[in-house]
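Encoded as structure tokens, the structure appears first; notes follow it.
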Amino acid sequence: MSAGTMSLEQVQRAMAAAVMQPLTEDEQMRSTAADGRSMAAIAESLIAPNSRLSSFERLEIYNRQYWFRVLGALAEDFSALRAVVGARAFEAISVAYLTEHPSRSFTLRNLGSKLPEWLAQHPQMAGRRHRLAVDIARVEWAFVEAFDGAEHDPLTAEQIATLDGGSRLALQPHLRLLALEYPADEVVRGLHAGEKRQASEAGIASEEIEEAPAALPGIRRRPAWVAAHRVEHAVYYKRLRREEFVTLRCLSEGKPLADAIAAGFAESRLNEVQTARCLRAWFANWAELGWLCAPELELLMEGM
Amino acid sequence: MAGNRFNAYQDHGVGIGLRIPHYAHIFARKPVVDWFEIISENFMIDGGRPLAMLDRILEQYRVVQHGVSMYFGSVTPPDPEHLRRLKQLVRRTGTPWLSDHLCWGSVDGTYTHDLLPLPYTWEAVERTAERVRMVQDYLEIPVAVENVSSYAAFTSSQMTEWEFLTEVVERADCGILLDVNNIYVSAMNHEFDAMEYVNAVPAHRVAQIHIAGHSKYEKYILDTHDHPVIDPVWDLYARAIERCGPTPTLLEWDDRIPSFDEVHAEAKKAERYLHPQAATLTEAVG
């Protein structure tokens with residue numbers, strides 16, 4: 001079918017499929033489409049040549065631009081993941097991920113939203129560092145969300161003092177809670193500190209990074225509980241005790257305060273005195289950081 | 001006459017794009033700038049530093065919104081969440097008009113994040129004009145559509161790009177953001193006369209003008225916004241001003257961004273054409 005007999009919708013579907021088809025290893029447009037048709041024939045049906053470029057070459061400009069743009073955007077948001085798996089593996093991850101999950105959002109900010117989950121399901125893409133890579137991807141995505149997430153009015157100290165066991169709370173929307181298998185927050189912090197970083201509107205732009213996987217001396221598998229959060233427009237990673245993490249997660253799920261605390265300390269070895277001391281310290285800290293907010297009205301209604 | 005109904009009768013002068021590398025300079029030195037253009041999508045978020053920086057800018061400067069993902073020519077209807085966030089930002093900035101591109105870039109909910117050219121067909125005219133009108137009605141401010149740089153032309157096109165632009169804006173009753181650098185780039189890539197394009201544009205609908213630099217490759221030109229404006233583009237700009245009268249003008253510089261002063265000085269060259277008498281006087285006085 002030629003473009004002359006195609007509807008606008010058909011033209012757009014055909015061109016989008018061509019533009020979003022992965023490039024060859026030497027960054028050229030492939031000679032055949034996914035369905036086996038000749039890309040030259042597809043290009044000629046859509047695009048007119050000029051005196052210098054064939055239809056194929058003109059379509060190829062857009063094919064290359066698409067991949068350079070989306071690969072660049074992912075590399076900005078996941079610069080530590082790129083460093084840990086190496087540039088070559090990261091590009092393979094990015095192409096495979098974006099082929100399965102092309103952007104479904106008007107903003108490139110959301111391009112990597114499914115990458116941590118996708119990487120967890122594709123262990124072959126990251127080799128022996130797979131679990132670490134997944135944790136790093138989660139930490140880096142948490143940074144994106146903490147960077148520009150909403151900020152609600154926190155509860156005041158007076159309001160916190162009136163809470164009881166039945167109280168339901170919400171956490172700051174920009175707060176992200178992570179249960180990690182590796183201390184990936186340290187790895188990310190270390191790798192980011194080694195870069196010359198410049199904040200972009202939705203994330204971070206990375207400068208040149210080593211092409212081979214970065215050396216990570218001393219990195220060992222040990223669980224870590226981390227909060228990614230924002231203070232004065234800057235994102236921080238804060239280590240949590242497991243009990244603190246579980247309590248916060250239960251609060252974020254809408255559980256009453258007493259239930260959240262009970263869940264938090266269910267498997268704890270802390271005695272009552274230590275537990276009480278921890279709770280006092282945590283609440284003081286959460287209040288200082290402005291993490292506790294009033295829940296949405298719908299959540300309150302659910303609990304009634 | 002200063003301005004027209006497509007730019008809310010604003011005589012904004014010469015602006016530059018608001019870019020992160022310039023924030024420190026702007027906040028420390030508070031330079032006199034007629035206005036800043038922001039990329040809407042960078043601020044259609046829930047919170048954090050970008051919005052805080054924008055609010056600081058809004059305290060001292062006029063801001064006009066420019067979008068990159070409305071895709072007026074896409075057949076798939078726009079994402080309601082996109083429109084909701086855009087309107088929220090319009091309320092925040094008080095932008096007197098808003099622009100986005102005469103292109104498409106998404107289909108069936110999948111986004112290419114590129115400004116893809118449209119086939120210049122009557123079907124595309126109808127659909128694009130309908131979408132521009134819908135967005136304009138929803139946002140309740142004037143909308144201007146920008147001609148894009150393109151590297152491919154469709155076999156199915158039934159008219160020239162400037163005829164297509166004219167048909168769309170007349171049917172949508174909207175403004176034009178005339179990008180004279182894009183006209184130059186497309187003229188080189190498609191082998192047409194750029195001046196013929198500028199001469200054909202409905203001048204009374206031009207709400208704003210973009211100027212920029214580009215990159216020349218062996219067989220085509222790419223719209224990279226990483227160089228100063230070249231003389232042939234200034235010639236197109238001069239002709240556009242001759243036809244449209246003084247029009248809000250914006251220099252785009254998005255890659256390999258030089259210092260604020262360098263970008264601003266490049267933009268201010270537009271004043272030679274906007275206010276030729278003042279420029280001559282300044283030169284004479286020294």
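Chain labels A, B, ... are given in the sequence in which chains occur in the structure tokens; within each chain residues are numbered consecutively from 1, and ligands are likewise numbered from 1 in the order shown.
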Practice task
Fewer than 3 positions away in the same chain doesn't count, so skip those; otherwise give me all residues within 7 Å of range 279-295 of chain A, counting only C-alpha atoms, as an NGL selection string.
Solution key: :A and (152-155 or 157 or 168-172 or 275-276 or 299-300)
Would you write out, as a tab-separated table, a table of all residues in chain B that have an atom no more than 9 Å from an atom of chain A, listing for each the closest atom pair and the distance in Å to one decimal, considering only C-alpha atoms and ordering rows by chain and rising residue number?
residue	atom	partner	partner_atom	distance
B:Ile20	CA	A:Ser200	CA	6.8
B:Pro21	CA	A:Gln198	CA	8.4
B:Glu41	CA	A:Thr107	CA	6.5
B:Asn42	CA	A:Glu201	CA	5.6
B:Phe43	CA	A:Glu201	CA	7.6
B:Met44	CA	A:Thr107	CA	8.8
B:Ile45	CA	A:Asp148	CA	6.3
B:Asp46	CA	A:Ala150	CA	4.5
B:Gly47	CA	A:Ala150	CA	4.6
B:Gly48	CA	A:Asp148	CA	4.4
B:Arg49	CA	A:His233	CA	4.9
B:Pro50	CA	A:Glu201	CA	5.8
B:Leu51	CA	A:Asp148	CA	8.5
B:Ala52	CA	A:His233	CA	8.1
B:Val68	CA	A:Phe106	CA	9.0
B:Ser69	CA	A:Phe106	CA	6.0
B:Met70	CA	A:Phe106	CA	7.9
B:Ser74	CA	A:Gln12	CA	7.7
B:Val75	CA	A:Glu9	CA	5.9
B:Thr76	CA	A:Glu9	CA	8.1
B:Asp79	CA	A:Phe106	CA	7.8
B:His82	CA	A:Phe106	CA	6.8
B:Trp104	CA	A:Gln12	CA	8.2
B:Gly105	CA	A:Ala16	CA	8.1
B:Ser106	CA	A:Ala16	CA	7.8
B:Val107	CA	A:Arg13	CA	6.4
B:Asp108	CA	A:Arg13	CA	8.1
B:Gly109	CA	A:Arg104	CA	5.7
B:Thr110	CA	A:Arg104	CA	4.8
B:Tyr111	CA	A:Ser103	CA	5.3
B:Thr112	CA	A:Tyr66	CA	6.5
B:His113	CA	A:Leu108	CA	7.3
B:Asp114	CA	A:Tyr66	CA	6.8
B:Leu116	CA	A:Tyr62	CA	8.0
B:Leu118	CA	A:Gln12	CA	8.7
B:Pro119	CA	A:Leu8	CA	7.8
B:Thr121	CA	A:Leu8	CA	8.6
B:Glu123	CA	A:Leu8	CA	7.0
B:Ala124	CA	A:Leu8	CA	6.6
B:Tyr151	CA	A:Arg58	CA	6.1
B:Ala152	CA	A:Arg58	CA	5.4
B:Ala153	CA	A:Ile47	CA	5.6
B:Phe154	CA	A:Ile47	CA	4.5
B:Thr155	CA	A:Ala48	CA	5.0
B:Ser156	CA	A:Gly4	CA	4.4
B:Ser157	CA	A:Gly4	CA	8.0
B:Asn189	CA	A:Asn50	CA	8.1
B:His190	CA	A:Asn50	CA	6.8
B:Glu191	CA	A:Asn50	CA	7.9
B:Lys219	CA	A:Arg52	CA	6.0
B:Tyr220	CA	A:Arg52	CA	8.1
Exercise for the section: Tell me, as a list in words, which residues lie within 9 Å of Val90 in chain B, counting only C-alpha atoms; anything in the same chain fewer than 4 positions away does not count. Expected result: Ser40, Gln65, Arg85, Leu86, Gly94, Thr95, Pro96, Trp97, Leu98, Leu139 and Ile141 of chain B
Exercise for the section: Give me the residues within 7 Å of range 198-208 of chain B as a ChimeraX atom specification, counting only C-alpha atoms and dropping any in the same chain fewer than 3 places off. Expected result: /B:4,6-7,144,162,166,175-178,194-195,236,240,243-244,247-249
Handout entry: Test item: residues at most 10 Å from range 265-277 of chain B, only C-alpha atoms, excluding those fewer than 4 positions along its chain, as a ChimeraX atom specification
Key = /B:13-17,33-34,211-212,227-229,234-235,237-242,245-253,259-261,281-283
Exercise for the section: One decimal, Å: what's the distance from CA of Glu59 in chain B over to CA of Arg92 in chain B, could you say? Expected result: 11.4 Å
Exercise for the section: Report the residues of range 15-114 of chain B whose backbone DSSP state falls under helix (DSSP H, G or I), written as a ChimeraX atom specification. Expected result: /B:20-29,40-43,49-60,80-93
Problem - Among listed residues B:Asp11, B:Thr224, B:Asp193, B:Pro31, nearest Asp254 in chain B (using only C-alpha atoms) - result: B:Thr224
Handout entry: Residue contacts of Arg249 in chain A (12 Å, only C-alpha atoms) excluding same-chain residues fewer than 4 positions away, as an MDAnalysis selection string
Key = chainID A and resid 169:172 175:179 225:227 240 242:245 253:257 259:261 263:264
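On the backbone of this structure, DSSP gives strand (DSSP E or B) within range 17-118 of chain B to Gly17, Phe36, Glu37, Ile38, Ile39, Val63, Val64, Gln65, His66, Leu98, Ser99, Asp100, His101, Trp104, Gly105, Ser106, Val107, Thr110, Tyr111, Thr112, His113, Asp114, Leu115 and Leu116 of chain B.
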Saved selection, atoms kept: N, CA and C atoms, as a compact mmCIF listing (two decimals), in the first residue's frame:
# COMPACT_ATOMS: atom_id res chain seq x y z
N GLY B 17 15.31 31.25 25.77
CA GLY B 17 14.80 30.05 26.44
C GLY B 17 15.38 29.94 27.84
N PHE B 36 11.16 35.14 29.17
CA PHE B 36 11.72 33.79 29.03
C PHE B 36 10.66 32.87 28.45
N GLU B 37 11.14 31.98 27.59
CA GLU B 37 10.26 30.91 27.11
C GLU B 37 10.63 29.64 27.88
N ILE B 38 9.63 28.95 28.40
CA ILE B 38 9.89 27.68 29.10
C ILE B 38 9.33 26.53 28.29
N ILE B 39 9.97 25.37 28.43
CA ILE B 39 9.42 24.15 27.85
C ILE B 39 8.39 23.62 28.85
N VAL B 63 6.94 35.10 31.42
CA VAL B 63 7.23 33.75 30.91
C VAL B 63 6.16 33.36 29.89
N VAL B 64 6.61 32.76 28.80
CA VAL B 64 5.68 32.22 27.80
C VAL B 64 5.97 30.73 27.66
N GLN B 65 4.90 29.95 27.58
CA GLN B 65 5.05 28.49 27.52
C GLN B 65 5.15 27.99 26.08
N HIS B 66 6.06 27.04 25.92
CA HIS B 66 6.26 26.39 24.62
C HIS B 66 6.29 24.89 24.87
N LEU B 98 0.29 30.31 24.20
CA LEU B 98 1.03 29.07 24.35
C LEU B 98 1.28 28.48 22.97
N SER B 99 2.44 27.90 22.80
CA SER B 99 2.75 27.33 21.48
C SER B 99 3.15 25.87 21.59
N ASP B 100 2.96 25.16 20.49
CA ASP B 100 3.48 23.80 20.32
C ASP B 100 3.58 23.58 18.81
N HIS B 101 4.00 22.38 18.44
CA HIS B 101 4.43 22.18 17.06
C HIS B 101 3.37 21.62 16.12
N TRP B 104 3.31 15.52 14.37
CA TRP B 104 2.75 14.43 15.17
C TRP B 104 3.92 13.71 15.82
N GLY B 105 3.62 12.85 16.80
CA GLY B 105 4.72 12.16 17.47
C GLY B 105 4.27 10.99 18.30
N SER B 106 2.96 10.76 18.36
CA SER B 106 2.47 9.60 19.12
C SER B 106 1.35 8.95 18.33
N VAL B 107 1.22 7.65 18.52
CA VAL B 107 0.10 6.94 17.88
C VAL B 107 -0.29 5.79 18.80
N THR B 110 1.46 5.43 22.18
CA THR B 110 2.91 5.26 22.25
C THR B 110 3.57 6.51 21.70
N TYR B 111 4.59 6.99 22.44
CA TYR B 111 5.21 8.27 22.10
C TYR B 111 6.61 8.09 21.54
N THR B 112 6.90 8.79 20.46
CA THR B 112 8.26 8.76 19.87
C THR B 112 9.14 9.86 20.47
N HIS B 113 8.53 10.85 21.09
CA HIS B 113 9.25 12.01 21.62
C HIS B 113 10.04 12.73 20.53
N ASP B 114 9.51 12.70 19.34
CA ASP B 114 10.12 13.44 18.24
C ASP B 114 9.04 14.30 17.59
N LEU B 115 9.48 15.31 16.85
CA LEU B 115 8.55 16.19 16.15
C LEU B 115 8.47 15.69 14.71
N LEU B 116 7.60 14.73 14.47
CA LEU B 116 7.56 14.07 13.16
C LEU B 116 6.71 14.89 12.19
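Take the candidates B:Glu146, B:His264, B:Glu167, B:Gln158 and check each one against Glu126 in chain B using only C-alpha atoms; the shortest distance goes to B:Glu167.
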Exercise for the section: Would you mind listing what lies within 8 Å of range 87-93 of chain A as a PyMOL selection string, with only C-alpha atoms counted and same-chain residues fewer than 2 positions away left out? Expected result: chain A and resi 71+81-83+85+95-97+119+125-126+210-213
